[in-house]
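target_33.txt, holding compact mmCIF, C-alpha atoms and all ligand atoms:
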# COMPACT_ATOMS: atom_id res chain seq x y z
CA MET A 1133 20.00 72.59 1.21
CA ASP A 1134 20.35 69.66 -1.24
CA PHE A 1135 18.09 71.14 -3.89
CA LEU A 1136 19.82 69.14 -6.62
CA SER A 1137 19.96 65.92 -4.65
CA GLY A 1138 20.27 62.90 -6.93
CA LYS A 1139 20.30 65.00 -10.09
CA HIS A 1140 22.83 64.26 -12.80
CA ILE A 1141 24.34 67.43 -14.22
CA LEU A 1142 26.66 67.27 -17.19
CA VAL A 1143 28.71 70.46 -17.43
CA GLY A 1144 30.22 71.17 -20.84
CA VAL A 1145 33.18 73.53 -20.58
CA CYS A 1146 34.31 75.37 -23.71
CA GLY A 1147 37.37 77.43 -24.57
CA GLY A 1148 36.47 80.85 -23.26
CA ILE A 1149 37.93 83.24 -20.71
CA ALA A 1150 35.12 82.37 -18.28
CA ALA A 1151 36.19 78.70 -18.09
CA TYR A 1152 37.78 79.44 -14.68
CA LYS A 1153 34.29 80.24 -13.33
CA SER A 1154 33.11 76.74 -14.26
CA ALA A 1155 35.24 75.30 -11.46
CA GLU A 1156 33.12 77.21 -8.94
CA LEU A 1157 29.97 76.15 -10.82
CA VAL A 1158 30.91 72.49 -10.40
CA ARG A 1159 31.71 73.01 -6.71
CA LEU A 1160 28.37 74.73 -6.03
CA ALA A 1161 26.32 72.18 -7.98
CA ARG A 1162 27.89 69.38 -5.94
CA ALA A 1163 27.29 71.30 -2.73
CA ALA A 1164 23.62 71.41 -3.75
CA GLY A 1165 23.60 67.59 -3.91
CA ALA A 1166 24.09 67.01 -7.64
CA ARG A 1167 26.36 64.45 -9.27
CA VAL A 1168 28.40 66.41 -11.76
CA ARG A 1169 30.39 65.17 -14.72
CA VAL A 1170 32.51 67.52 -16.78
CA VAL A 1171 33.15 67.29 -20.51
CA MET A 1172 35.78 69.73 -21.72
CA THR A 1173 36.35 70.73 -25.31
CA ALA A 1174 39.85 70.63 -26.77
CA SER A 1175 40.04 74.45 -26.52
CA ALA A 1176 38.84 74.45 -22.92
CA ALA A 1177 41.95 72.50 -21.97
CA GLU A 1178 43.98 75.59 -23.02
CA PHE A 1179 42.19 77.63 -20.36
CA ILE A 1180 41.83 75.32 -17.35
CA GLY A 1181 43.18 71.94 -16.25
CA ALA A 1182 41.12 68.77 -16.18
CA ARG A 1183 42.49 67.96 -12.73
CA THR A 1184 40.64 70.90 -11.22
CA PHE A 1185 37.32 69.52 -12.45
CA GLN A 1186 38.26 65.98 -11.53
CA ALA A 1187 38.95 67.04 -7.94
CA LEU A 1188 35.86 69.24 -7.65
CA SER A 1189 33.43 66.79 -9.27
CA ALA A 1190 34.97 63.62 -7.78
CA GLU A 1191 34.32 62.05 -11.19
CA PRO A 1192 36.52 61.40 -14.20
CA VAL A 1193 36.73 64.26 -16.69
CA TRP A 1194 36.16 63.76 -20.38
CA ARG A 1195 38.35 65.90 -22.66
CA ASP A 1196 37.49 64.28 -25.95
CA TRP A 1197 37.02 60.97 -27.75
CA THR A 1198 40.40 59.86 -26.42
CA ASP A 1199 38.92 59.70 -22.91
CA ASP A 1200 36.26 57.23 -24.02
CA ARG A 1201 35.89 54.48 -21.42
CA SER A 1202 33.03 52.28 -22.59
CA GLY A 1203 33.45 52.71 -26.34
CA MET A 1204 30.08 54.50 -26.32
CA ASP A 1205 30.69 57.30 -23.81
CA HIS A 1206 28.90 59.92 -25.92
CA ILE A 1207 25.69 57.85 -25.69
CA ASP A 1208 26.22 56.78 -22.07
CA LEU A 1209 26.80 60.37 -20.95
CA ALA A 1210 23.88 61.61 -23.06
CA ARG A 1211 21.61 59.14 -21.24
CA TRP A 1212 23.19 59.76 -17.84
CA ALA A 1213 22.47 63.48 -17.82
CA ASP A 1214 19.29 65.00 -16.38
CA ARG A 1215 20.50 68.40 -17.53
CA ILE A 1216 23.31 69.49 -19.81
CA LEU A 1217 24.71 72.90 -18.94
CA VAL A 1218 27.30 74.27 -21.35
CA ALA A 1219 29.19 76.95 -19.44
CA PRO A 1220 30.88 78.85 -20.84
CA ALA A 1221 29.21 78.39 -24.23
CA THR A 1222 31.47 80.05 -26.80
CA ALA A 1223 30.23 81.72 -29.99
CA ASP A 1224 31.78 78.87 -31.93
CA ARG A 1225 30.00 76.26 -29.77
CA LEU A 1226 26.64 77.94 -30.33
CA ALA A 1227 27.27 77.78 -34.09
CA ARG A 1228 28.21 74.11 -33.87
CA LEU A 1229 25.19 73.25 -31.74
CA ALA A 1230 22.90 75.12 -34.11
CA GLN A 1231 24.30 73.02 -36.95
CA GLY A 1232 23.87 69.80 -35.00
CA ARG A 1233 27.52 68.88 -35.39
CA ALA A 1234 28.88 65.80 -33.67
CA ASP A 1235 32.56 66.01 -34.55
CA ASP A 1236 33.67 66.31 -30.95
CA LEU A 1237 32.52 64.63 -27.76
CA LEU A 1238 30.49 67.52 -26.36
CA GLY A 1239 28.71 68.05 -29.69
CA ALA A 1240 27.87 64.35 -29.96
CA ILE A 1241 26.53 64.24 -26.39
CA CYS A 1242 24.31 67.29 -26.93
CA LEU A 1243 22.97 65.76 -30.13
CA ALA A 1244 22.34 62.33 -28.57
CA SER A 1245 20.74 63.51 -25.34
CA GLN A 1246 17.08 63.99 -24.54
CA ALA A 1247 18.00 65.99 -21.44
CA PRO A 1248 17.12 69.68 -21.46
CA LEU A 1249 20.02 71.74 -22.79
CA MET A 1250 21.05 74.91 -20.95
CA LEU A 1251 23.58 77.26 -22.50
CA ALA A 1252 25.48 79.99 -20.64
CA PRO A 1253 27.05 82.14 -23.39
CA SER A 1254 30.26 83.99 -22.72
CA MET A 1255 31.98 86.11 -25.32
CA ASN A 1256 33.06 89.55 -26.41
CA GLN A 1257 30.12 91.94 -26.77
CA ALA A 1258 30.61 92.35 -30.54
CA MET A 1259 30.66 88.57 -30.99
CA TRP A 1260 27.45 88.39 -28.96
CA ARG A 1261 25.72 91.13 -30.96
CA ASN A 1262 26.76 89.70 -34.31
CA PRO A 1263 23.67 88.60 -36.29
CA ALA A 1264 25.32 85.22 -36.94
CA THR A 1265 25.42 84.54 -33.18
CA GLN A 1266 21.93 85.93 -32.68
CA ASP A 1267 20.53 83.75 -35.49
CA ASN A 1268 22.19 80.69 -33.96
CA LEU A 1269 20.67 81.52 -30.58
CA ALA A 1270 17.21 82.00 -32.09
CA LEU A 1271 17.45 78.58 -33.75
CA LEU A 1272 18.65 76.90 -30.55
CA ARG A 1273 15.85 78.57 -28.53
CA ARG A 1274 13.27 77.34 -31.05
CA ARG A 1275 14.58 73.81 -30.57
CA GLY A 1276 14.05 74.07 -26.82
CA ALA A 1277 17.50 75.08 -25.52
CA ARG A 1278 17.44 77.45 -22.57
CA ILE A 1279 19.78 80.40 -22.96
CA CYS A 1280 21.03 81.47 -19.53
CA GLY A 1281 22.23 85.05 -19.71
CA PRO A 1282 24.60 86.48 -20.61
CA GLY A 1283 25.22 89.27 -18.12
CA GLU A 1284 26.50 92.75 -19.02
CA GLY A 1285 29.54 94.60 -17.80
CA GLU A 1286 33.27 94.94 -18.15
CA GLN A 1287 34.92 92.30 -20.31
CA ALA A 1288 38.39 90.74 -20.22
CA CYS A 1289 39.22 92.45 -23.55
CA GLY A 1290 38.40 95.87 -22.10
CA ASP A 1291 35.01 96.25 -23.83
CA VAL A 1292 31.86 96.92 -21.87
CA GLY A 1293 28.55 95.31 -22.85
CA PRO A 1294 26.63 92.03 -22.99
CA GLY A 1295 28.55 88.74 -23.09
CA ARG A 1296 29.70 87.97 -19.54
CA MET A 1297 28.92 84.46 -18.34
CA LEU A 1298 26.39 84.48 -15.50
CA GLU A 1299 27.86 83.95 -12.06
CA PRO A 1300 28.11 80.28 -10.97
CA GLY A 1301 25.64 80.77 -8.10
CA VAL A 1302 23.02 82.14 -10.51
CA LEU A 1303 23.53 79.20 -12.88
CA VAL A 1304 23.10 76.69 -10.05
CA GLN A 1305 19.89 78.48 -9.06
CA MET A 1306 18.68 78.21 -12.69
CA LEU A 1307 19.49 74.51 -12.65
CA THR A 1308 17.50 74.08 -9.44
CA ASP A 1309 14.54 76.03 -10.82
CA SER A 1310 14.58 73.97 -13.99
CA PHE A 1311 13.60 70.93 -11.91
CA ARG A 1312 10.91 72.76 -9.97
CA ASN A 1313 8.65 74.51 -12.42
CA GLY A 1314 7.04 71.43 -13.88
CA ALA A 1315 3.38 70.62 -14.24
CA LEU A 1316 3.52 68.31 -11.17
CA ALA A 1317 5.49 70.62 -8.85
CA GLY A 1318 4.56 70.00 -5.21
CA LEU A 1319 2.73 66.72 -5.92
CA LYS A 1320 3.53 63.21 -4.78
CA VAL A 1321 3.45 60.50 -7.44
CA VAL A 1322 3.72 56.74 -6.97
CA VAL A 1323 4.58 54.57 -9.98
CA THR A 1324 4.70 50.79 -10.20
CA ALA A 1325 6.77 49.17 -12.94
CA GLY A 1326 8.05 45.89 -14.29
CA PRO A 1327 6.74 42.36 -13.94
CA THR A 1328 6.06 40.37 -10.78
CA ARG A 1329 7.33 36.85 -10.12
CA GLU A 1330 5.07 34.28 -8.52
CA ALA A 1331 7.04 31.33 -7.17
CA LEU A 1332 6.19 27.76 -8.12
CA ASP A 1333 9.06 26.32 -6.12
CA PRO A 1334 12.41 27.69 -4.86
CA VAL A 1335 13.80 28.04 -8.42
CA ARG A 1336 10.83 28.52 -10.78
CA TYR A 1337 8.27 31.27 -11.12
CA LEU A 1338 5.43 32.56 -13.29
CA SER A 1339 6.16 35.97 -14.78
CA ASN A 1340 5.75 38.02 -17.97
CA ARG A 1341 7.78 39.93 -20.55
CA SER A 1342 7.43 43.41 -19.01
CA SER A 1343 10.79 45.25 -19.10
CA GLY A 1344 9.72 48.07 -16.78
CA LYS A 1345 10.88 50.67 -19.35
CA MET A 1346 7.51 52.43 -19.67
CA GLY A 1347 7.02 52.70 -15.89
CA TYR A 1348 10.58 53.91 -15.35
CA ALA A 1349 10.13 56.49 -18.13
CA ALA A 1350 6.90 57.72 -16.47
CA ALA A 1351 8.66 57.94 -13.10
CA VAL A 1352 11.53 59.97 -14.57
CA ALA A 1353 9.13 62.23 -16.48
CA ALA A 1354 7.07 62.82 -13.31
CA ARG A 1355 10.24 63.74 -11.43
CA GLU A 1356 11.24 66.04 -14.28
CA ALA A 1357 7.81 67.64 -13.99
CA GLY A 1358 8.63 68.54 -10.39
CA ALA A 1359 6.89 65.72 -8.50
CA GLU A 1360 8.28 63.80 -5.55
CA VAL A 1361 8.31 60.31 -7.00
CA ALA A 1362 8.28 56.84 -5.41
CA LEU A 1363 8.81 53.89 -7.74
CA VAL A 1364 7.85 50.34 -6.76
CA SER A 1365 9.51 47.99 -9.19
CA GLY A 1366 9.37 44.31 -9.94
CA PRO A 1367 12.59 42.58 -11.11
CA VAL A 1368 13.98 44.48 -14.12
CA ALA A 1369 17.38 45.06 -15.69
CA LEU A 1370 17.17 48.85 -15.44
CA PRO A 1371 19.33 51.12 -13.26
CA ALA A 1372 17.63 53.04 -10.43
CA PRO A 1373 16.57 56.42 -11.82
CA ALA A 1374 18.24 59.36 -10.08
CA GLY A 1375 16.10 61.40 -7.73
CA VAL A 1376 13.39 58.74 -7.41
CA ALA A 1377 12.74 56.69 -4.24
CA LEU A 1378 12.97 53.11 -5.49
CA THR A 1379 11.57 50.03 -3.70
CA ARG A 1380 12.32 46.68 -5.32
CA VAL A 1381 9.78 43.89 -4.91
CA GLU A 1382 9.17 40.45 -6.36
CA THR A 1383 5.58 39.20 -6.02
CA ALA A 1384 2.21 40.88 -6.53
CA GLN A 1385 1.65 40.65 -2.78
CA ASP A 1386 5.03 42.37 -2.11
CA MET A 1387 4.07 45.07 -4.57
CA LEU A 1388 0.74 45.62 -2.86
CA GLU A 1389 2.35 45.85 0.58
CA ALA A 1390 5.03 48.27 -0.62
CA THR A 1391 2.58 50.39 -2.59
CA LEU A 1392 -0.35 50.84 -0.20
CA PRO A 1393 1.35 53.05 2.42
CA LEU A 1394 2.85 55.19 -0.37
CA ALA A 1395 -0.45 55.42 -2.27
CA ARG A 1396 -2.31 56.60 0.85
CA ALA A 1397 -0.13 59.70 0.92
CA CYS A 1398 0.14 60.41 -2.80
CA ASP A 1399 -1.76 62.59 -5.28
CA ILE A 1400 -1.29 60.49 -8.41
CA PHE A 1401 -0.87 56.73 -8.73
CA ILE A 1402 0.43 55.31 -12.02
CA ALA A 1403 0.14 51.52 -12.19
CA ALA A 1404 2.47 50.64 -15.05
CA ALA A 1405 3.57 47.30 -13.57
CA ALA A 1406 2.44 44.10 -15.27
CA VAL A 1407 1.20 42.48 -12.07
CA ALA A 1408 0.40 38.77 -12.28
CA ASP A 1409 -3.33 38.05 -12.43
CA TYR A 1410 -2.79 34.59 -10.95
CA ARG A 1411 -0.25 32.93 -8.71
CA PRO A 1412 0.32 29.26 -7.92
CA ALA A 1413 -2.12 28.15 -5.22
CA THR A 1414 0.80 26.53 -3.40
CA THR A 1415 4.55 27.08 -3.56
CA ALA A 1416 6.50 23.87 -3.27
CA ALA A 1417 9.13 23.96 -0.52
CA GLN A 1418 11.48 21.79 -2.62
CA LYS A 1419 12.24 21.99 -6.34
CA LEU A 1420 9.52 20.16 -8.28
CA LYS A 1421 10.92 17.03 -9.92
CA ARG A 1422 10.17 15.86 -13.45
CA GLN A 1423 7.45 13.24 -13.34
CA ALA A 1424 5.89 10.87 -15.82
CA GLY A 1425 3.00 12.43 -17.76
CA GLY A 1426 1.91 16.07 -17.40
CA ARG A 1427 1.46 18.28 -14.40
CA THR A 1428 -1.48 20.56 -13.68
CA LEU A 1429 -0.90 23.83 -11.90
CA ALA A 1430 -3.59 25.11 -9.58
CA LEU A 1431 -3.72 28.94 -9.71
CA GLU A 1432 -5.43 31.47 -7.49
CA PRO A 1433 -5.97 35.21 -8.04
CA ALA A 1434 -2.95 37.36 -7.19
CA ALA A 1435 -3.23 40.74 -5.40
CA ASP A 1436 -4.87 43.43 -7.57
CA VAL A 1437 -2.72 46.43 -6.68
CA LEU A 1438 -4.54 48.96 -8.86
CA ALA A 1439 -8.06 47.94 -7.83
CA THR A 1440 -7.03 47.97 -4.15
CA VAL A 1441 -5.60 51.50 -4.40
CA ALA A 1442 -8.63 52.71 -6.39
CA ALA A 1443 -10.96 51.31 -3.70
CA MET A 1444 -9.28 53.25 -0.87
CA PRO A 1445 -11.56 55.75 0.91
CA ARG A 1446 -9.82 58.80 -0.64
CA PRO A 1447 -7.98 57.35 -3.62
CA PRO A 1448 -5.36 59.31 -5.51
CA PHE A 1449 -5.83 60.09 -9.21
CA CYS A 1450 -5.40 56.56 -10.57
CA VAL A 1451 -3.90 55.66 -13.94
CA GLY A 1452 -3.86 52.01 -15.06
CA PHE A 1453 -2.17 50.37 -18.00
CA ALA A 1454 -3.87 47.86 -20.26
CA ALA A 1455 -1.76 45.60 -22.45
CA GLU A 1456 -3.85 44.00 -25.18
CA THR A 1457 -2.95 41.53 -27.88
CA ASP A 1458 -5.95 42.19 -30.12
CA ASP A 1459 -6.99 45.29 -32.08
CA ASN A 1460 -9.99 46.49 -30.12
CA LEU A 1461 -7.87 48.69 -27.88
CA GLN A 1462 -10.44 51.42 -27.37
CA HIS A 1463 -13.15 49.02 -26.22
CA HIS A 1464 -10.81 47.24 -23.77
CA ALA A 1465 -9.45 50.52 -22.42
CA HIS A 1466 -12.88 51.97 -21.61
CA LYS A 1467 -13.99 48.66 -20.12
CA LYS A 1468 -10.93 48.44 -17.88
CA ARG A 1469 -11.35 52.04 -16.70
CA LEU A 1470 -14.92 51.40 -15.63
CA SER A 1471 -14.32 47.96 -14.11
CA LYS A 1472 -11.40 49.19 -11.99
CA GLY A 1473 -13.09 52.49 -11.15
CA ILE A 1474 -10.04 54.54 -12.14
CA ASP A 1475 -9.45 57.95 -13.70
CA MET A 1476 -7.41 57.04 -16.75
CA VAL A 1477 -6.26 54.01 -18.71
CA ALA A 1478 -3.18 53.96 -20.91
CA ALA A 1479 -3.71 51.11 -23.35
CA ASN A 1480 -1.17 49.63 -25.69
CA ARG A 1481 -0.91 46.68 -27.98
CA VAL A 1482 1.63 44.04 -27.02
CA GLY A 1483 3.03 41.19 -29.02
CA PRO A 1484 6.16 40.31 -30.99
CA GLY A 1485 8.26 43.50 -31.35
CA VAL A 1486 5.74 45.91 -29.80
CA GLY A 1487 4.96 46.96 -26.25
CA PHE A 1488 6.72 44.65 -23.81
CA ASP A 1489 10.51 44.57 -23.84
CA SER A 1490 10.68 47.12 -26.64
CA ASP A 1491 12.12 50.67 -26.59
CA GLU A 1492 9.12 52.09 -28.43
CA ASN A 1493 5.43 52.08 -27.82
CA THR A 1494 2.13 53.73 -28.71
CA LEU A 1495 -0.43 54.63 -26.05
CA LEU A 1496 -4.15 55.23 -26.22
CA LEU A 1497 -5.17 57.31 -23.21
CA VAL A 1498 -8.83 57.21 -22.18
CA TRP A 1499 -10.62 59.02 -19.38
CA GLU A 1500 -14.24 59.89 -18.63
CA GLY A 1501 -15.53 61.72 -21.66
CA GLY A 1502 -12.30 61.80 -23.64
CA GLN A 1503 -9.35 60.04 -25.17
CA THR A 1504 -6.14 60.78 -27.03
CA MET A 1505 -3.69 58.70 -29.03
CA LEU A 1506 0.03 59.09 -28.38
CA GLU A 1507 1.58 57.88 -31.62
CA GLN A 1508 4.61 55.57 -31.78
CA ASP A 1509 7.64 57.06 -30.04
CA THR A 1510 10.44 56.13 -27.66
CA LYS A 1511 9.21 55.21 -24.20
CA THR A 1512 11.24 58.13 -22.80
CA ARG A 1513 9.34 60.65 -24.92
CA LEU A 1514 6.02 58.85 -24.42
CA GLY A 1515 6.62 59.06 -20.66
CA VAL A 1516 6.88 62.85 -20.93
CA ARG A 1517 3.69 63.12 -23.03
CA LEU A 1518 1.86 60.74 -20.70
CA ILE A 1519 2.80 62.86 -17.68
CA GLU A 1520 1.67 66.05 -19.48
CA CYS A 1521 -1.71 64.46 -20.14
CA ILE A 1522 -2.02 63.12 -16.58
CA ALA A 1523 -1.19 66.60 -15.21
CA ASP A 1524 -3.96 68.12 -17.39
CA ARG A 1525 -6.55 65.54 -16.33
CA PHE A 1526 -5.49 65.74 -12.67
CA ARG A 1527 -6.00 69.53 -12.69
CA ALA A 1528 -9.34 69.13 -14.49
CA ARG A 1529 -10.54 66.65 -11.85
CA GLN A 1530 -9.39 68.98 -9.05
CA THR A 1531 -11.29 71.90 -10.58
CA THR A 1532 -14.44 69.76 -10.88
CA THR A 1533 -14.11 68.49 -7.29
CA GLU A 1534 -13.53 72.01 -5.95
CA SER A 1535 -16.50 73.53 -7.79
CA HIS A 1536 -18.68 70.60 -6.65
CA ALA A 1537 -17.59 71.21 -3.02
CA GLU A 1538 -18.38 74.94 -3.36
CA HIS A 1539 -21.81 74.16 -4.84
CA THR A 1540 -22.59 71.73 -1.98
CA THR A 1541 -21.55 74.30 0.64
CA GLU A 1542 -23.78 76.98 -1.01
CA ASN A 1543 -26.76 74.64 -0.89
CA THR A 1544 -26.33 73.78 2.79
CA ARG A 1545 -26.01 77.42 3.94
C1 LIG B 1 42.64 83.97 -25.20
C2 LIG B 1 41.35 83.54 -25.86
C3 LIG B 1 40.16 83.79 -25.28
C4 LIG B 1 38.96 83.42 -25.88
N1 LIG B 1 37.79 83.71 -25.24
C5 LIG B 1 36.63 83.43 -25.85
C6 LIG B 1 35.39 83.73 -25.23
O1 LIG B 1 35.34 84.26 -24.11
N2 LIG B 1 34.25 83.44 -25.88
C7 LIG B 1 34.24 82.85 -27.11
O2 LIG B 1 33.17 82.64 -27.66
N3 LIG B 1 35.40 82.52 -27.70
C8 LIG B 1 36.59 82.78 -27.12
N4 LIG B 1 37.76 82.44 -27.73
C9 LIG B 1 37.73 81.71 -29.01
C10 LIG B 1 37.46 80.22 -28.75
O3 LIG B 1 38.46 79.68 -27.91
C11 LIG B 1 37.44 79.46 -30.07
O4 LIG B 1 36.36 79.92 -30.86
C12 LIG B 1 37.35 77.97 -29.90
O5 LIG B 1 37.32 77.37 -31.17
C13 LIG B 1 36.13 77.55 -29.12
O6 LIG B 1 36.03 76.13 -29.13
P1 LIG B 1 35.07 75.32 -28.19
O7 LIG B 1 33.78 76.03 -28.18
O8 LIG B 1 35.02 73.98 -28.83
O9 LIG B 1 35.70 75.26 -26.85
C14 LIG B 1 38.98 82.81 -27.12
C15 LIG B 1 40.21 82.50 -27.73
C16 LIG B 1 41.38 82.88 -27.10
C17 LIG B 1 42.69 82.55 -27.78
Now that the file is in, can you turn its structure into structure tokens?
Amino acid sequence: MDFLSGKHILVGVCGGIAAYKSAELVRLARAAGARVRVVMTASAAEFIGARTFQALSAEPVWRDWTDDRSGMDHIDLARWADRILVAPATADRLARLAQGRADDLLGAICLASQAPLMLAPSMNQAMWRNPATQDNLALLRRRGARICGPGEGEQACGDVGPGRMLEPGVLVQMLTDSFRNGALAGLKVVVTAGPTREALDPVRYLSNRSSGKMGYAAAVAAREAGAEVALVSGPVALPAPAGVALTRVETAQDMLEATLPLARACDIFIAAAAVADYRPATTAAQKLKRQAGGRTLALEPAADVLATVAAMPRPPFCVGFAAETDDNLQHHAHKKRLSKGIDMVAANRVGPGVGFDSDENTLLLVWEGGQTMLEQDTKTRLGVRLIECIADRFRARQTTTESHAEHTTENTR
């Protein structure tokens, strides 16, 4: 089964005896549907050839800075990865990671990436037991790294004890599980993102400054939390996120038509798109020509995607976004939640340098009887925190609905 379908796995291979097992790891991860890219350390090249990984991954292999293709490969690969698995992770690599060193490509990628870091240690049992190694591991664990293994048994040096790299099949299973255990496992989530374009004539349109970054970040975070995610996106300059079913649309009406069938079958609907409120009442068939004096545009209301989904007979848990240019965020957020009849509003201030088209944001989340402020952060990290909060509120609503249903049944017995 393609349990890793669409996932981007970056495998870091270090200079240890177990490097030969990483070839099988790459093969199995690809067989499970993942795209795999391999970054080898300089020492790893002493143990196994890059060509093996190139053939098994069907991707280029990075051996060090000299293999840089874009001039910024350490950042590109850091962003590309959904998971970084360092296997084998040598004692020396653990020490370097603990120190946050970036003096080789693998170190720089690990430092620059927001992807979860998984480490599969492999070393002599005495190296493993050494307090220096154990202290490094404790520090890495505290920072969120997942230590996979090691196993125990006979070692290449003749010793017996802990320090064997876990078998490739076990590591691929751990990778798979790492995508499953999230707060939204088993749920379907639909996210809208980006602006819409409402045509005035064949070449001009009304639109807005939405970049789609917040919606895309929410979609990726929902997928990371284990959900099956569909993303309906207006025109943006962002790549399709891996593992997310993407539908590209242009107008508010297109967005409505693409979203409704998905929303009927989903558990959570996150409306992050900046959908036009108005569209031109007519679209000229030919390009409008310059004319003497001004021109008045007649506008009519565009489709209200969020309100339409919220008004469905059994609506999903609905989250709307409110972009405001004045300071009274809290007031606007509560008002929008009530007027749209939705479960949660994520409000943010927009204007020069904040909100739209920016990499950072702040979000005020409001729901019935509560609110929380997510302070300024990258949209990637805000997406994760937003999804955590949505998962909490979704569960709380489910509990309330279930206890209400039980109460009603009791009373009708
Ligand atoms: C034959 C040989 C085998 C080695 N095996 C291991 C090993 O299994 N685990 C380990 O932590 N270090 C091992 N080392 C030491 C590492 O190769 C060395 O610490 C290196 O600097 C690791 O660099 P890297 O983590 O950047 O790949 C071995 C060295 C040699 C010469």
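Counting from atom CA of A:Ser1189, the distance to atom CA of A:Phe1135 is 16.8 Å.
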Edge lengths and centre in Å to one decimal, as JSON, of the axis-aligned box that encloses all listed atoms of stretch 1346-1349 of chain A with 5 Å added on every side?
{"center_x": 8.8, "center_y": 54.5, "center_z": -17.5, "size_x": 13.6, "size_y": 14.1, "size_z": 14.3}
* To do: With only C-alpha atoms and all ligand atoms counted, collect every polymer residue having an atom within 9 Å of ligand LIG 1 (chain B); state the result as a ChimeraX atom specification.
  => /A:1145-1151,1172-1179,1220-1228,1236,1238-1239,1253-1256,1259-1260,1287-1289,1295-1297
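The residue that comes closest to A:Gly1138, out of A:Asn1262, A:Thr1308, A:Gln1418, A:Thr1494 and on the basis of all atoms listed in the file, is A:Thr1308.
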* Might you pull out every residue within 9 Å of stretch 1454-1461 of chain A, with all atoms listed in the file counted and same-chain residues fewer than 6 positions away left off, and present them as a PyMOL selection string? => chain A and resi 1404+1406+1468+1477-1483+1487-1488+1496
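Proximity to A:Ala1442 was assessed for A:Leu1429, A:Val1218, A:Ala1523, A:Ile1402 counting only C-alpha atoms; the smallest distance is recorded for A:Ile1402.
Taking atom CA of A:Asp1214 and atom CA of A:Ala1247 as the two end points, the separation is 5.3 Å.
Distances here use all atoms listed in the file; by that measure, the residue among A:Gly1473, A:Gly1203, A:Pro1367, A:Gly1285 closest to A:Met1387 is A:Pro1367.
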* Quick one, how far is atom CA of A:Ser1490 from atom CA of A:Ser1365? -> 17.5 Å
* Counting only C-alpha atoms, find the residues whose atoms lie at most 6 Å from (4.7, 42.9, -15.0) (file coordinates) and write them out as a count of residues only. => 8
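Of the listed residues (A:Ala1163, A:Ala1315, A:Met1346, A:Val1292), A:Met1346 comes nearest to A:Lys1511; the distances count all atoms listed in the file.
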* Asked: What residues have an atom no more than 12 Å from (38.6, 68.0, -10.0) in the file's own frame, counting only C-alpha atoms, and can you write them as a count of residues only?
  -> 26
* Selection: 9 Å around A:Met1250, only C-alpha atoms, excl. self and same-chain fewer than 6 positions, as a ChimeraX atom specification -> /A:1215-1219,1277-1280,1307
* To do: Show which residues sit within 7 Å of A:Cys1398, as a PyMOL selection string. Count only C-alpha atoms, and ignore same-chain residues fewer than 5 positions away.
  => chain A and resi 1320-1322+1448
* Structure fact -> Between A:Arg1233, A:Lys1467, A:Arg1274, A:Arg1517, smallest distance to A:Glu1500 by all atoms listed in the file belongs to A:Lys1467
